[in-house]
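This is run.txt. It holds compact mmCIF, C-alpha atoms and all ligand atoms.
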# COMPACT_ATOMS: atom_id res chain seq x y z
CA MET A 336 -14.38 -68.37 -1.14
CA PHE A 337 -11.08 -68.09 0.66
CA GLU A 338 -10.57 -71.85 0.81
CA SER A 339 -9.42 -71.66 -2.79
CA LEU A 340 -6.37 -69.59 -1.80
CA LYS A 341 -2.98 -71.21 -1.83
CA PRO A 342 -0.88 -70.85 1.33
CA VAL A 343 1.97 -68.37 1.04
CA GLY A 344 5.20 -69.21 2.83
CA LEU A 345 6.85 -66.65 5.07
CA ASP A 346 9.51 -64.44 3.51
CA PRO A 347 12.85 -66.16 4.36
CA ILE A 348 14.15 -63.01 6.11
CA LEU A 349 11.00 -62.82 8.26
CA SER A 350 11.35 -66.52 9.18
CA LEU A 351 14.94 -65.88 10.17
CA MET A 352 13.87 -62.89 12.30
CA ILE A 353 11.34 -65.06 14.14
CA ALA A 354 13.90 -67.84 14.72
CA PHE A 355 16.34 -65.23 16.06
CA ARG A 356 13.73 -63.78 18.41
CA GLU A 357 12.92 -67.22 19.77
CA ASP A 358 16.57 -68.22 20.29
CA PRO A 359 17.21 -68.07 24.09
CA ARG A 360 21.03 -67.74 23.78
CA THR A 361 22.25 -64.40 25.08
CA THR A 362 25.25 -64.53 22.75
CA LYS A 363 23.07 -64.70 19.60
CA VAL A 364 23.88 -62.31 16.75
CA ASP A 365 21.43 -61.06 14.11
CA LEU A 366 23.11 -60.31 10.79
CA GLY A 367 19.97 -61.05 8.78
CA VAL A 368 17.55 -58.20 9.42
CA GLY A 369 17.88 -55.22 7.04
CA VAL A 370 17.84 -52.29 9.47
CA TYR A 371 20.62 -50.16 10.91
CA MET A 372 21.68 -50.97 14.46
CA ASP A 373 23.97 -48.92 16.65
CA ASP A 374 26.81 -50.22 18.83
CA ARG A 375 24.25 -51.25 21.46
CA GLY A 376 22.27 -53.26 18.93
CA ARG A 377 19.37 -50.79 18.84
CA THR A 378 17.69 -49.16 15.84
CA PRO A 379 17.51 -45.69 17.35
CA VAL A 380 15.39 -42.65 16.55
CA MET A 381 17.83 -40.00 15.35
CA ASN A 382 18.12 -36.92 17.55
CA ALA A 383 17.29 -34.65 14.63
CA VAL A 384 14.11 -36.68 14.09
CA LYS A 385 13.18 -36.45 17.79
CA ARG A 386 13.68 -32.68 17.74
CA ALA A 387 11.67 -32.35 14.54
CA GLU A 388 8.89 -34.39 16.18
CA THR A 389 8.77 -31.97 19.11
CA LYS A 390 8.60 -29.09 16.67
CA LEU A 391 5.93 -30.78 14.60
CA MET A 392 3.78 -31.47 17.64
CA ALA A 393 3.72 -27.78 18.42
CA LEU A 394 3.17 -26.71 14.82
CA GLU A 395 0.68 -29.25 13.58
CA ASN A 396 -2.86 -27.94 13.71
CA THR A 397 -4.72 -30.43 11.55
CA LYS A 398 -4.80 -34.10 10.65
CA SER A 399 -6.92 -33.46 7.61
CA TYR A 400 -6.01 -35.18 4.34
CA GLN A 401 -2.83 -34.23 2.57
CA GLY A 402 -2.91 -34.04 -1.19
CA ILE A 403 -2.34 -37.15 -3.31
CA GLY A 404 1.20 -36.00 -4.09
CA GLY A 405 1.99 -35.43 -0.41
CA ASP A 406 3.70 -32.41 1.11
CA ALA A 407 4.91 -29.90 -1.49
CA GLU A 408 7.81 -28.70 0.67
CA TYR A 409 8.96 -32.27 1.22
CA ASN A 410 8.88 -32.92 -2.52
CA LYS A 411 11.02 -29.84 -3.13
CA HIS A 412 13.55 -30.80 -0.44
CA MET A 413 13.78 -34.39 -1.66
CA LEU A 414 14.44 -33.31 -5.22
CA ALA A 415 17.27 -31.09 -4.00
CA LEU A 416 18.66 -33.85 -1.77
CA LEU A 417 18.70 -36.32 -4.64
CA LEU A 418 19.88 -34.12 -7.49
CA GLY A 419 21.61 -31.26 -5.65
CA ALA A 420 19.90 -27.88 -5.20
CA ASN A 421 21.76 -26.37 -8.16
CA HIS A 422 21.28 -29.19 -10.63
CA SER A 423 20.58 -27.92 -14.15
CA VAL A 424 17.38 -29.94 -14.43
CA ILE A 425 15.78 -28.38 -11.32
CA GLY A 426 13.85 -25.30 -12.34
CA SER A 427 13.74 -26.45 -15.99
CA GLY A 428 10.22 -27.80 -15.51
CA ARG A 429 11.52 -31.22 -16.60
CA THR A 430 11.23 -32.82 -13.17
CA THR A 431 8.32 -33.91 -11.10
CA SER A 432 8.39 -35.59 -7.72
CA ILE A 433 5.70 -36.92 -5.41
CA GLN A 434 5.77 -38.30 -1.91
CA ALA A 435 5.27 -42.05 -1.69
CA PRO A 436 4.80 -44.63 1.08
CA GLY A 437 8.45 -45.62 1.55
CA GLY A 438 10.93 -46.61 -1.11
CA SER A 439 8.74 -49.63 -1.87
CA GLY A 440 5.70 -47.44 -2.58
CA ALA A 441 7.88 -45.16 -4.71
CA LEU A 442 9.18 -48.10 -6.75
CA ARG A 443 5.65 -49.32 -7.35
CA VAL A 444 4.28 -45.91 -8.37
CA GLY A 445 7.23 -45.48 -10.74
CA ALA A 446 6.64 -48.92 -12.24
CA GLU A 447 2.91 -48.31 -12.72
CA VAL A 448 3.51 -44.99 -14.48
CA ILE A 449 6.13 -46.54 -16.76
CA THR A 450 3.92 -49.48 -17.70
CA ARG A 451 1.05 -47.08 -18.43
CA ALA A 452 3.36 -45.20 -20.79
CA ARG A 453 4.81 -48.33 -22.35
CA PRO A 454 2.81 -51.48 -21.57
CA ASN A 455 5.27 -53.81 -23.29
CA ALA A 456 8.43 -52.47 -21.70
CA LYS A 457 10.64 -55.12 -20.14
CA LEU A 458 12.42 -54.45 -16.87
CA TRP A 459 16.08 -55.46 -16.65
CA VAL A 460 17.30 -56.23 -13.15
CA GLY A 461 20.85 -57.03 -12.05
CA VAL A 462 21.69 -60.48 -10.69
CA PRO A 463 21.49 -60.46 -7.78
CA THR A 464 19.22 -57.67 -6.67
CA TRP A 465 17.08 -56.86 -3.60
CA PRO A 466 14.77 -59.91 -3.46
CA ASN A 467 11.62 -57.76 -3.30
CA HIS A 468 12.39 -55.95 -6.58
CA VAL A 469 11.01 -58.70 -8.77
CA PRO A 470 7.64 -59.24 -7.01
CA LEU A 471 7.17 -55.53 -6.33
CA LEU A 472 7.92 -54.36 -9.86
CA GLY A 473 6.90 -57.49 -11.74
CA SER A 474 3.36 -57.18 -10.38
CA ALA A 475 3.09 -53.78 -12.06
CA GLY A 476 3.09 -55.77 -15.29
CA PHE A 477 6.74 -55.80 -16.33
CA GLU A 478 8.25 -58.85 -17.92
CA ILE A 479 11.51 -59.27 -16.01
CA LYS A 480 14.85 -59.70 -17.80
CA GLU A 481 18.23 -60.04 -16.12
CA TYR A 482 21.70 -58.61 -16.57
CA PRO A 483 24.78 -60.00 -14.79
CA TYR A 484 25.94 -57.81 -11.91
CA TYR A 485 28.01 -59.49 -9.22
CA ASP A 486 30.61 -62.20 -9.69
CA MET A 487 30.61 -64.49 -6.65
CA GLU A 488 34.09 -65.77 -7.52
CA THR A 489 35.91 -62.44 -7.82
CA ARG A 490 33.58 -60.79 -5.28
CA GLN A 491 33.14 -57.72 -7.42
CA ILE A 492 30.93 -56.36 -10.18
CA ASN A 493 31.25 -58.24 -13.43
CA ALA A 494 31.46 -54.96 -15.32
CA ASP A 495 32.38 -56.39 -18.73
CA LEU A 496 29.44 -58.77 -18.83
CA MET A 497 27.09 -56.17 -17.37
CA MET A 498 28.01 -53.54 -19.96
CA GLU A 499 27.86 -56.09 -22.78
CA THR A 500 24.33 -57.07 -21.76
CA LEU A 501 23.23 -53.44 -21.37
CA ARG A 502 24.49 -52.81 -24.91
CA SER A 503 21.86 -55.29 -26.09
CA VAL A 504 18.89 -53.78 -24.21
CA PRO A 505 16.28 -52.58 -26.71
CA ALA A 506 15.10 -48.95 -26.85
CA GLY A 507 12.11 -48.38 -24.61
CA ASP A 508 13.02 -51.07 -22.09
CA VAL A 509 13.77 -50.15 -18.48
CA VAL A 510 16.99 -50.87 -16.58
CA LEU A 511 16.86 -50.98 -12.79
CA LEU A 512 20.01 -49.70 -11.05
CA HIS A 513 20.88 -49.29 -7.36
CA GLY A 514 21.84 -45.66 -6.64
CA CYS A 515 24.41 -46.69 -4.01
CA CYS A 516 25.03 -49.26 -1.26
CA HIS A 517 23.89 -52.14 -3.44
CA ASN A 518 21.58 -54.54 -1.62
CA PRO A 519 22.58 -57.40 -1.23
CA THR A 520 26.18 -57.23 -2.49
CA GLY A 521 27.58 -53.88 -1.28
CA ALA A 522 29.39 -53.69 -4.64
CA ASP A 523 28.73 -50.22 -6.03
CA LEU A 524 29.27 -48.82 -9.48
CA THR A 525 32.24 -46.47 -9.79
CA ASN A 526 31.68 -42.97 -11.18
CA ALA A 527 33.34 -44.10 -14.41
CA GLN A 528 30.90 -47.02 -14.65
CA TRP A 529 27.96 -44.66 -14.10
CA ASP A 530 29.33 -42.52 -16.95
CA GLU A 531 29.61 -45.59 -19.15
CA ILE A 532 26.04 -46.75 -18.43
CA THR A 533 24.80 -43.22 -19.11
CA GLU A 534 26.48 -43.34 -22.53
CA ILE A 535 25.00 -46.78 -23.24
CA ALA A 536 21.52 -45.58 -22.18
CA LEU A 537 21.83 -42.62 -24.56
CA GLU A 538 22.99 -44.84 -27.38
CA ARG A 539 20.42 -47.59 -26.85
CA GLY A 540 17.48 -45.46 -25.72
CA PHE A 541 16.56 -47.43 -22.61
CA LEU A 542 15.14 -45.81 -19.49
CA PRO A 543 17.21 -46.09 -16.27
CA PHE A 544 15.12 -46.58 -13.13
CA ILE A 545 17.31 -45.86 -10.10
CA ASP A 546 16.42 -47.22 -6.68
CA THR A 547 18.19 -45.16 -4.05
CA ALA A 548 17.43 -46.41 -0.56
CA TYR A 549 20.74 -45.65 1.20
CA GLN A 550 21.89 -42.16 0.21
CA GLY A 551 24.54 -41.08 2.73
CA LEU A 552 25.44 -44.57 3.97
CA GLY A 553 28.06 -45.30 1.31
CA ASP A 554 30.63 -42.59 0.57
CA GLY A 555 28.55 -39.60 1.75
CA LEU A 556 25.36 -37.76 0.86
CA GLU A 557 26.77 -35.99 -2.19
CA GLU A 558 29.09 -38.77 -3.35
CA ASP A 559 26.29 -41.35 -3.24
CA ALA A 560 24.21 -39.22 -5.60
CA TYR A 561 26.73 -39.19 -8.46
CA GLY A 562 24.89 -41.70 -10.66
CA MET A 563 21.49 -40.00 -10.33
CA ARG A 564 22.96 -36.60 -10.97
CA VAL A 565 24.97 -37.50 -14.04
CA MET A 566 22.03 -39.38 -15.55
CA ALA A 567 19.63 -36.51 -14.82
CA GLU A 568 22.05 -34.16 -16.55
CA LYS A 569 22.75 -36.24 -19.65
CA LEU A 570 19.66 -38.30 -20.33
CA PRO A 571 16.31 -37.14 -21.67
CA GLU A 572 14.36 -39.30 -19.21
CA LEU A 573 15.03 -40.90 -15.85
CA VAL A 574 13.06 -42.31 -12.92
CA ILE A 575 14.34 -42.30 -9.31
CA ALA A 576 12.67 -44.08 -6.38
CA SER A 577 14.05 -42.95 -3.04
CA SER A 578 13.54 -43.95 0.56
CA CYS A 579 14.04 -42.14 3.88
CA SER A 580 13.79 -45.39 5.83
CA LYS A 581 17.53 -45.86 6.32
CA ASN A 582 19.12 -42.41 6.10
CA PHE A 583 16.52 -40.79 8.39
CA GLY A 584 15.76 -44.00 10.32
CA LEU A 585 12.07 -43.55 9.48
CA TYR A 586 11.32 -47.15 8.51
CA ARG A 587 7.82 -47.52 9.94
CA GLU A 588 6.76 -44.01 8.92
CA ARG A 589 6.83 -45.13 5.25
CA THR A 590 8.56 -42.12 3.78
CA GLY A 591 9.82 -42.06 0.22
CA SER A 592 9.49 -40.23 -3.05
CA ILE A 593 9.25 -40.94 -6.74
CA THR A 594 10.96 -38.54 -9.11
CA PHE A 595 10.71 -38.36 -12.88
CA VAL A 596 12.97 -36.44 -15.24
CA THR A 597 11.17 -35.95 -18.53
CA LYS A 598 12.04 -34.64 -22.01
CA ASN A 599 10.15 -31.40 -21.47
CA ALA A 600 7.81 -29.58 -19.12
CA ASP A 601 4.68 -30.83 -20.92
CA ASP A 602 5.74 -34.44 -20.35
CA ALA A 603 6.41 -33.65 -16.70
CA LYS A 604 2.80 -32.47 -16.32
CA LEU A 605 1.52 -35.63 -18.00
CA VAL A 606 3.66 -37.80 -15.72
CA LEU A 607 2.53 -35.94 -12.62
CA GLY A 608 -1.13 -36.49 -13.52
CA GLN A 609 -0.52 -40.19 -14.11
CA ALA A 610 1.51 -40.62 -10.90
CA MET A 611 -1.32 -39.00 -8.92
CA SER A 612 -3.86 -41.23 -10.62
CA VAL A 613 -1.78 -44.34 -9.81
CA ALA A 614 -1.45 -43.24 -6.18
CA ARG A 615 -5.19 -42.52 -5.96
CA GLN A 616 -6.01 -46.00 -7.23
CA MET A 617 -3.55 -47.77 -4.91
CA TYR A 618 -3.54 -45.97 -1.58
CA SER A 619 -5.12 -42.57 -2.20
CA MET A 620 -2.63 -40.50 -0.21
CA PRO A 621 0.74 -41.12 1.41
CA PRO A 622 1.18 -41.05 5.21
CA ALA A 623 2.17 -37.56 6.35
CA HIS A 624 4.21 -37.88 9.54
CA GLY A 625 7.61 -38.98 8.20
CA ALA A 626 7.57 -36.58 5.28
CA LEU A 627 6.71 -33.63 7.54
CA LEU A 628 9.69 -34.54 9.74
CA VAL A 629 12.04 -34.78 6.76
CA SER A 630 10.75 -31.47 5.48
CA LEU A 631 11.36 -29.82 8.87
CA ILE A 632 14.87 -31.28 9.07
CA LEU A 633 15.95 -30.39 5.56
CA GLY A 634 14.39 -26.93 5.80
CA ASP A 635 16.13 -25.93 9.04
CA GLU A 636 19.87 -25.30 9.00
CA GLU A 637 20.47 -26.51 12.54
CA LEU A 638 18.35 -29.65 12.30
CA ARG A 639 19.83 -30.44 8.94
CA SER A 640 23.34 -30.10 10.28
CA GLU A 641 22.51 -32.36 13.24
CA TRP A 642 21.02 -34.93 10.88
CA THR A 643 24.03 -34.92 8.53
CA THR A 644 26.36 -35.38 11.53
CA GLU A 645 24.30 -38.31 12.81
CA LEU A 646 24.13 -39.86 9.36
CA GLU A 647 27.89 -39.53 9.01
CA GLU A 648 28.29 -41.35 12.35
CA VAL A 649 26.12 -44.16 11.00
CA ARG A 650 28.19 -44.35 7.82
CA LEU A 651 31.50 -44.37 9.67
CA ARG A 652 30.33 -46.98 12.18
CA ILE A 653 29.39 -49.35 9.37
CA LEU A 654 32.75 -48.72 7.68
CA SER A 655 34.65 -49.48 10.87
CA MET A 656 32.66 -52.71 11.36
CA ARG A 657 33.58 -53.70 7.79
CA THR A 658 37.28 -53.30 8.53
CA LEU A 659 37.07 -54.95 11.94
CA LEU A 660 35.23 -58.01 10.66
CA ALA A 661 37.33 -58.48 7.52
CA ASP A 662 40.60 -58.13 9.43
CA SER A 663 39.58 -60.35 12.30
CA ILE A 664 38.37 -63.27 10.16
CA GLN A 665 41.11 -62.89 7.59
CA ASP A 666 43.75 -64.50 9.84
CA ASN A 667 43.38 -68.21 9.81
CA ALA A 668 40.52 -68.19 7.29
CA LEU A 669 41.84 -71.16 5.30
CA GLY A 670 43.02 -69.09 2.39
CA MET A 671 39.63 -67.45 1.87
CA ASP A 672 39.75 -63.77 1.02
CA PHE A 673 37.45 -61.45 2.94
CA SER A 674 38.97 -58.17 1.75
CA HIS A 675 35.87 -57.48 -0.39
CA ILE A 676 34.02 -56.65 2.84
CA LYS A 677 36.36 -53.70 3.35
CA ARG A 678 36.03 -52.48 -0.24
CA GLN A 679 32.24 -52.63 -0.40
CA LYS A 680 29.71 -50.00 0.67
CA GLY A 681 26.60 -49.63 2.77
CA MET A 682 24.94 -52.05 5.14
CA PHE A 683 25.39 -55.30 3.21
CA SER A 684 27.96 -57.68 1.77
CA PHE A 685 27.98 -61.36 0.98
CA LEU A 686 30.07 -63.27 3.50
CA GLY A 687 30.60 -65.81 0.72
CA VAL A 688 30.81 -68.94 2.88
CA LYS A 689 29.18 -72.30 2.12
CA PRO A 690 25.58 -73.21 3.08
CA GLU A 691 26.86 -75.76 5.63
CA HIS A 692 28.86 -72.98 7.30
CA LEU A 693 25.68 -70.92 7.66
CA VAL A 694 23.84 -73.85 9.24
CA ARG A 695 26.65 -74.39 11.77
CA LEU A 696 26.82 -70.68 12.54
CA ARG A 697 23.11 -70.64 13.30
CA GLU A 698 22.79 -73.96 15.11
CA GLU A 699 26.02 -74.01 17.12
CA PHE A 700 26.63 -70.32 17.65
CA GLY A 701 23.26 -68.55 17.27
CA ILE A 702 24.55 -66.38 14.42
CA TYR A 703 21.72 -65.65 11.99
CA ILE A 704 22.56 -65.01 8.34
CA VAL A 705 20.24 -65.31 5.31
CA SER A 706 20.90 -68.13 2.85
CA SER A 707 22.46 -65.89 0.21
CA THR A 708 25.18 -65.23 2.88
CA ARG A 709 24.22 -61.54 2.89
CA ILE A 710 25.28 -60.02 6.20
CA ASN A 711 24.12 -56.75 7.72
CA LEU A 712 27.35 -55.11 8.88
CA ALA A 713 25.35 -52.91 11.26
CA GLY A 714 24.48 -56.04 13.25
CA ILE A 715 28.11 -56.13 14.41
CA ASN A 716 29.14 -54.18 17.49
CA SER A 717 31.93 -53.94 20.03
CA SER A 718 30.23 -56.53 22.26
CA ASN A 719 29.79 -59.25 19.63
CA ILE A 720 32.69 -58.78 17.20
CA LYS A 721 35.07 -61.14 18.98
CA TYR A 722 32.45 -63.86 19.42
CA LEU A 723 31.37 -63.44 15.82
CA SER A 724 34.81 -63.60 14.26
CA ASP A 725 35.93 -66.47 16.52
CA SER A 726 32.78 -68.39 15.54
CA ILE A 727 33.27 -67.77 11.82
CA ARG A 728 36.90 -68.86 12.03
CA THR A 729 35.96 -71.99 13.97
CA VAL A 730 33.35 -72.94 11.39
CA LEU A 731 35.68 -72.27 8.46
CA ASN A 732 38.37 -74.40 10.03
CA GLY A 733 35.97 -77.36 10.14
C1 LIG B 1 17.37 -51.72 -2.38
C2 LIG B 1 16.16 -51.35 -1.62
N1 LIG B 1 15.18 -50.66 -2.23
C3 LIG B 1 14.07 -50.29 -1.58
C4 LIG B 1 13.88 -50.61 -0.27
C5 LIG B 1 12.58 -50.23 0.37
O1 LIG B 1 12.65 -49.38 1.39
P1 LIG B 1 11.36 -48.94 2.22
O2 LIG B 1 11.44 -49.62 3.52
O3 LIG B 1 11.49 -47.46 2.31
O4 LIG B 1 10.15 -49.34 1.43
C6 LIG B 1 14.87 -51.31 0.42
C7 LIG B 1 14.67 -51.68 1.82
O5 LIG B 1 15.29 -52.52 2.38
C8 LIG B 1 16.03 -51.69 -0.28
O6 LIG B 1 17.01 -52.37 0.32
Represent the structure contained in this file as structure tokens.
Ligand SMILES: Cc1ncc(COP(=O)(O)O)c(C=O)c1O
Amino acid sequence: MFESLKPVGLDPILSLMIAFREDPRTTKVDLGVGVYMDDRGRTPVMNAVKRAETKLMALENTKSYQGIGGDAEYNKHMLALLLGANHSVIGSGRTTSIQAPGGSGALRVGAEVITRARPNAKLWVGVPTWPNHVPLLGSAGFEIKEYPYYDMETRQINADLMMETLRSVPAGDVVLLHGCCHNPTGADLTNAQWDEITEIALERGFLPFIDTAYQGLGDGLEEDAYGMRVMAEKLPELVIASSCSKNFGLYRERTGSITFVTKNADDAKLVLGQAMSVARQMYSMPPAHGALLVSLILGDEELRSEWTTELEEVRLRILSMRTLLADSIQDNALGMDFSHIKRQKGMFSFLGVKPEHLVRLREEFGIYIVSSTRINLAGINSSNIKYLSDSIRTVLNG
């Protein structure tokens, strides 16, 4: 029967990763892959995670099944991390949160619950957005609509057009927003823009669905949560998909959570039942290891403090790479402006060069960048910055 299947091409980022791996040049630079790398080009296990693993090994006395909703302590800690422990909605009975397999699993559970509640809801995504949003969420049954987000010319959010489009979104539709560290653009909403979207959502009656995969990598753990917190305070309903892949470095442990804010406690119970039923039908139960580590870290003052310090180091390293790159290619860059790289947040920005520049960077210099020109700033380090900026300048100067 399988002969009837159509071949599926490799994801462009995966193809790029393979080409990078096979490139024998020792000077090669990978700015394509979407994981954090330290100054030595490694994606390390955080010390707080290592210590929590040691603790867990001693504590763990069973590998029996966890519940469908995952670890209850983890769910409590994640809710507090996202919304703030003292948020008015916590304790009101209007929230419910379950563990999910990574941010991707969380997004999918959220989407399935929403489409069960409103089968004809359309999902509005910004242009551009994380390339996996459309297949991941569209296959839950959403018809996808688009709103303008980033202006490639001005290299910032096209706020006027975005707000104008959001003002036309019908009640009952769903609007996907990035909580912080927008992937792929790095262009984040200001607090004032979050306030404005919250007002529009109230007026229009659409449901915001926030994807927060980088809390702590933008302006800081609390600062990056502004949008979620203001929406949870002011709106009757909200959905948040979160990931611990980047801020805890737990990528392969598939650790995330899906949180719903509902109109009242009865709705929260309904949503919880549906989220569990969705999970049961898709993967039964989430993997335990990563969530148990996060729970140990967030529940222990010392481990938590070590983790926040390490996360802050990650954030500051990315910021310093942003400044270093922008400043070093700015000179002699043929009038092109790279200052947006310094203004933007998180791991990604568009370099904004032409496709032929990308080809030359890859072929002549072994510098790997995806075709959208999205670069991972964490791929830059003190050993490759000079080579990288010299190569970019050479290519730009023809
Ligand atoms: C915007 C965005 N959302 C969600 C995810 C999914 O994260 P996870 O690896 O936890 O599934 C990513 C990962 O790159 C992302 O960039």
Centre and edge lengths of an axis-aligned box around all listed atoms of region 478-494 of chain A, with 6 Å added on each side, are to be given in Å to one decimal, as AutoDock Vina command-line options.
--center_x 22.1 --center_y -60.4 --center_z -11.6 --size_x 39.7 --size_y 22.8 --size_z 24.6
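Where the distance criterion is 7 Å and the atoms used are all atoms listed in the file, the residues close to ligand LIG 1 (chain B) are Gly369, Gly437, Gly438, Ser439, Gly440, Trp465, His513, His517, Asn518, Asp546, Thr547, Ala548, Ser578, Cys579, Ser580, Tyr586, Arg589, Thr590 and Gly591 of chain A.
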(message) At a cut-off of 9 Å, using all atoms listed in the file, what residues contact Leu391 (chain A)? Leave out same-chain residues fewer than 4 positions from it and give the result as a ChimeraX atom specification.
(response) /A:386-387,395,624,627-628,631
(request) Point out the residue among A:Tyr400, A:Phe477, A:Trp642, A:Phe595 with the least atom-to-atom distance to Phe583 (chain A), counting only C-alpha atoms. (result) A:Trp642
(request) Give me, please, the distance in Å between CA of Asp486 (chain A) and CA of Thr464 (chain A), quoted to one decimal. (result)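 About the pair CA of Asp486 (chain A) and CA of Thr464 (chain A): they are 12.6 Å apart.
Across the model, the gap from CA of Gly514 (chain A) to CA of Gly625 (chain A) is 21.6 Å.
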(message) List the spatial neighbours of region 561-567 of chain A as a count of residues only - criterion: any atom at most 12 Å away, all atoms listed in the file, same-chain residues fewer than 6 positions off excluded.
(response) 55
(message) I need every residue sitting at most 12 Å from the point (4.1, -47.6, -9.6) (coordinates as in the file, only C-alpha atoms considered), written as a PyMOL selection string.
(response) chain A and resi 433+435-436+438-452+471-477+544+574-576+592-595+606+609-618
Can you tell me which residues surround Ala661 (chain A) at a distance of at most 8 Å, considering all atoms listed in the file, apart from same-chain residues fewer than 3 positions away, and format the answer as an mmCIF file with C-alpha atoms, in the coordinates of the input?
data_model
loop_
_atom_site.group_PDB
_atom_site.id
_atom_site.type_symbol
_atom_site.label_atom_id
_atom_site.label_comp_id
_atom_site.auth_asym_id
_atom_site.auth_seq_id
_atom_site.Cartn_x
_atom_site.Cartn_y
_atom_site.Cartn_z
ATOM 1 C CA ARG A 657 33.580 -53.700 7.790
ATOM 2 C CA THR A 658 37.280 -53.300 8.530
ATOM 3 C CA ILE A 664 38.370 -63.270 10.160
ATOM 4 C CA GLN A 665 41.110 -62.890 7.590
ATOM 5 C CA PHE A 673 37.450 -61.450 2.940
ATOM 6 C CA SER A 674 38.970 -58.170 1.750
ATOM 7 C CA ILE A 676 34.020 -56.650 2.840
ATOM 8 C CA LYS A 677 36.360 -53.700 3.350
#
(message) Report, in Å with one decimal, the straight-line distance from CA of Pro466 (chain A) to CA of Glu557 (chain A).
(response) 26.8 Å
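Remark: for Glu648 (chain A), the closest of the candidate residues A:Val370, A:Ala713, A:Ala506, A:Tyr485 is A:Ala713 (distances computed over only C-alpha atoms).
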Quick one: which region 366-392 of chain A residues come within 12 Å of region 689-712 of chain A, and what is the nearest atom pair for each with the distance in Å to one decimal, counting all atoms listed in the file, rows ordered by chain and ascending number, as JSON lines?
{"residue": "A:Leu366", "atom": "CA", "partner": "A:Asn711", "partner_atom": "CA", "distance": 4.8}
{"residue": "A:Gly367", "atom": "CA", "partner": "A:Ile704", "partner_atom": "CA", "distance": 4.8}
{"residue": "A:Val368", "atom": "CA", "partner": "A:Asn711", "partner_atom": "CA", "distance": 6.9}
{"residue": "A:Gly369", "atom": "CA", "partner": "A:Asn711", "partner_atom": "CA", "distance": 6.5}
{"residue": "A:Val370", "atom": "CA", "partner": "A:Asn711", "partner_atom": "CA", "distance": 7.9}
{"residue": "A:Tyr371", "atom": "CA", "partner": "A:Asn711", "partner_atom": "CA", "distance": 8.1}
{"residue": "A:Met372", "atom": "CA", "partner": "A:Leu712", "partner_atom": "CA", "distance": 9.0}
{"residue": "A:Asp373", "atom": "CA", "partner": "A:Leu712", "partner_atom": "CA", "distance": 10.5}
{"residue": "A:Asp374", "atom": "CA", "partner": "A:Leu712", "partner_atom": "CA", "distance": 11.1}
{"residue": "A:Gly376", "atom": "CA", "partner": "A:Leu712", "partner_atom": "CA", "distance": 11.4}
(request) Find the residue from A:Asp365, A:Ala407, A:Asp346, A:Leu351 that sits nearest to Pro470 (chain A); use all atoms listed in the file when measuring. (result)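 Checking each candidate against Pro470 (chain A), we get A:Asp346 as the closest.
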(request) May I ask which of the residues A:Gly507, A:Pro519, A:Asn382, A:Ala456 is the closest one to Ser640 (chain A), counting only C-alpha atoms? (result) A:Asn382
(request) Find, counting all atoms listed in the file, the residue in A:Ser684, A:Ser630, A:Ser655, A:Asn467 that gets nearest to Ile348 (chain A). (result) A:Asn467
(request) For Glu645 (chain A), list every protein, DNA or RNA residue within 10 Å, evaluated using only C-alpha atoms, and leave out those in the same chain fewer than 4 positions away; present the list as a list of chain:residue names. (result)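 Residues near the query, excluding close chain neighbours: A:Met381, A:Asn382, A:Ala383, A:Asn582, A:Phe583, A:Arg639, A:Ser640, A:Glu641, A:Val649, A:Arg650, A:Leu651.
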(message) For a quick check of understanding, using only C-alpha atoms, which of A:Met498, A:Lys680, A:Gly670, A:Gly402 has the smallest distance to Glu558 (chain A)?
(response) A:Lys680
